[in-house]
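Notes follow the structure.
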Amino acid sequence: MNKQKGLFVTIDGPNGSGKSTIVSAVAEQMVRQGQDVLKTKEPTVSSLGDFIRNAEGQYGRLTLALLVAADRQFHVEVEILPSVASGKIVISDRYIESSFVLQSLDGLSFEEIWFLNNNFPVPDLSVIVTASPQTLDRRLAERARHSRFEKTKSREDELTLYLQAADFLKGHGFNVVIVENDTTDLEQNARKIAQMILSLIPR
């Protein structure tokens with residue numbers, strides 16, 4: 001009997017939204033449900049991903065967008081596609097939605113960003129985690145280190161772009177769901193997302 005093909009799930013959202021905590025909580029819930037899970041992220045845990053994390057303050061616009069796209073290609077080839085083919089549920093912390101927001105804040109148009117990303121796999125589920133600008137500012141103020149975008153751009157602009165990116169990607173076949181992680185309990189949100197994923201598994 002052939003092994004069931006896995007799923008590809010992405011969870012995006014502004015820094016301070018609780019995105020990475022939700023990724024871990026969802027992965028843990030899926031494992032408790034007996035699923036084979038790969039938790040991964042962008043930029044990747046690789047020499048290229050490390051370079052991007054350390055150089056985002058030095059490079060911008062198209063140069064940074066191309067570096068991110070190259071790292072995403074590596075991510076897709078080496079981790080995502082082989083793992084999905086082996087039956088794993090791949091949960092990625094960040095994917096194309098983050099490019100639409102951060103590269104747009106850097107001055108690129110949605111059309112330019114889509115040109116660099118339109119050949120990447122469409123996830124089975126794309127979750128965007130949000131919170132109010134006030135909550136994002138409060139959470140970010142508790143961090144010791146901030147990215148160039150966090151220092152120079154407003155949380156309102158970032159949230160608006162995530163919603164615009166959601167609409168754009170829905171028009172290109174993405175299954176996008178918005179999850180508010182401000183007044184709602186984080187564990188409740190993690191259970192909600194885990195149930196969405198389980199519902200996509202063929203019975």
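All residue names refer to the structure tokens as shown: chains lettered A, B, ... in order, residues numbered from 1 in each chain, ligands numbered from 1 in order.
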Task: alpha helix (DSSP H) call set, DSSP backbone run, stretch 1-199 of chain A, as a PyMOL selection string - done: chain A and resi 19-32+47-55+61-75+81-85+96-105+110-117+133-141+148-152+155-170+186-199
Against stretch 184-191 of chain A, which residues of stretch 74-157 of chain A fall within 12 Å? For each one I want the closest pair of atoms and the distance in Å (one decimal), counting only C-alpha atoms, rows by chain and increasing residue number, as CSV.
```
residue,atom,partner,partner_atom,distance
A:Val127,CA,A:Asn189,CA,10.9
A:Ile128,CA,A:Asn189,CA,11.6
A:Val129,CA,A:Asn189,CA,9.4
A:Thr130,CA,A:Thr184,CA,10.8
A:Ala131,CA,A:Thr184,CA,9.7
A:Ser132,CA,A:Thr184,CA,11.8
```
Selection export as an mmCIF file, in the first residue's frame, atoms kept: N, CA and C atoms:
```cif
data_model
loop_
_atom_site.group_PDB
_atom_site.id
_atom_site.type_symbol
_atom_site.label_atom_id
_atom_site.label_comp_id
_atom_site.auth_asym_id
_atom_site.auth_seq_id
_atom_site.Cartn_x
_atom_site.Cartn_y
_atom_site.Cartn_z
ATOM 1 N N VAL A 127 -1.815 30.063 7.214
ATOM 2 C CA VAL A 127 -2.383 30.763 8.358
ATOM 3 C C VAL A 127 -1.635 32.079 8.563
ATOM 4 N N ILE A 128 -2.370 33.165 8.750
ATOM 5 C CA ILE A 128 -1.771 34.447 9.111
ATOM 6 C C ILE A 128 -2.252 34.804 10.508
ATOM 7 N N VAL A 129 -1.307 34.940 11.428
ATOM 8 C CA VAL A 129 -1.603 35.259 12.817
ATOM 9 C C VAL A 129 -1.507 36.776 12.995
ATOM 10 N N THR A 130 -2.520 37.375 13.605
ATOM 11 C CA THR A 130 -2.521 38.819 13.802
ATOM 12 C C THR A 130 -2.739 39.178 15.274
ATOM 13 N N ALA A 131 -2.444 40.428 15.586
ATOM 14 C CA ALA A 131 -2.747 41.020 16.890
ATOM 15 C C ALA A 131 -2.852 42.520 16.666
ATOM 16 N N SER A 132 -3.360 43.232 17.627
ATOM 17 C CA SER A 132 -3.513 44.674 17.459
ATOM 18 C C SER A 132 -2.141 45.351 17.411
#
```
TODO: Identify which of the residues A:Ala165, A:Val78, A:Ile113, A:Val45 lies closest to A:Arg61, counting only C-alpha atoms when measuring atom-to-atom distances.
DONE: A:Ile113
Residues near stretch 4-20 of chain A, anyone? I mean within 6 Å using only C-alpha atoms, not counting same-chain ones fewer than 4 positions away, as a CSV table (one decimal) with C-alpha atoms, in the first residue's frame.
```csv
chain,number,residue,atom,x,y,z
A,84,VAL,CA,5.7,16.0,2.1
A,85,ALA,CA,6.4,13.2,-0.3
A,87,GLY,CA,4.1,11.6,4.3
A,88,LYS,CA,5.1,14.2,6.9
A,89,ILE,CA,3.1,17.3,7.8
A,90,VAL,CA,5.4,20.2,7.2
A,91,ILE,CA,4.7,23.3,9.3
A,92,SER,CA,6.8,26.3,8.2
A,93,ASP,CA,7.3,29.4,10.3
A,94,ARG,CA,7.0,32.0,7.5
A,123,PRO,CA,0.5,25.3,0.8
A,124,ASP,CA,-2.4,23.2,1.7
A,125,LEU,CA,-3.1,25.7,4.4
A,126,SER,CA,-1.7,29.2,4.9
A,127,VAL,CA,-2.4,30.8,8.4
A,128,ILE,CA,-1.8,34.4,9.1
A,129,VAL,CA,-1.6,35.3,12.8
A,130,THR,CA,-2.5,38.8,13.8
A,131,ALA,CA,-2.7,41.0,16.9
A,136,LEU,CA,2.6,44.1,18.8
A,139,ARG,CA,5.5,42.6,22.8
A,140,LEU,CA,8.3,43.9,20.7
```
Task: Using only C-alpha atoms: which of A:Phe115, A:Thr135, A:Val26, A:Gln35 has the shortest distance to A:Ile201 - done: A:Gln35
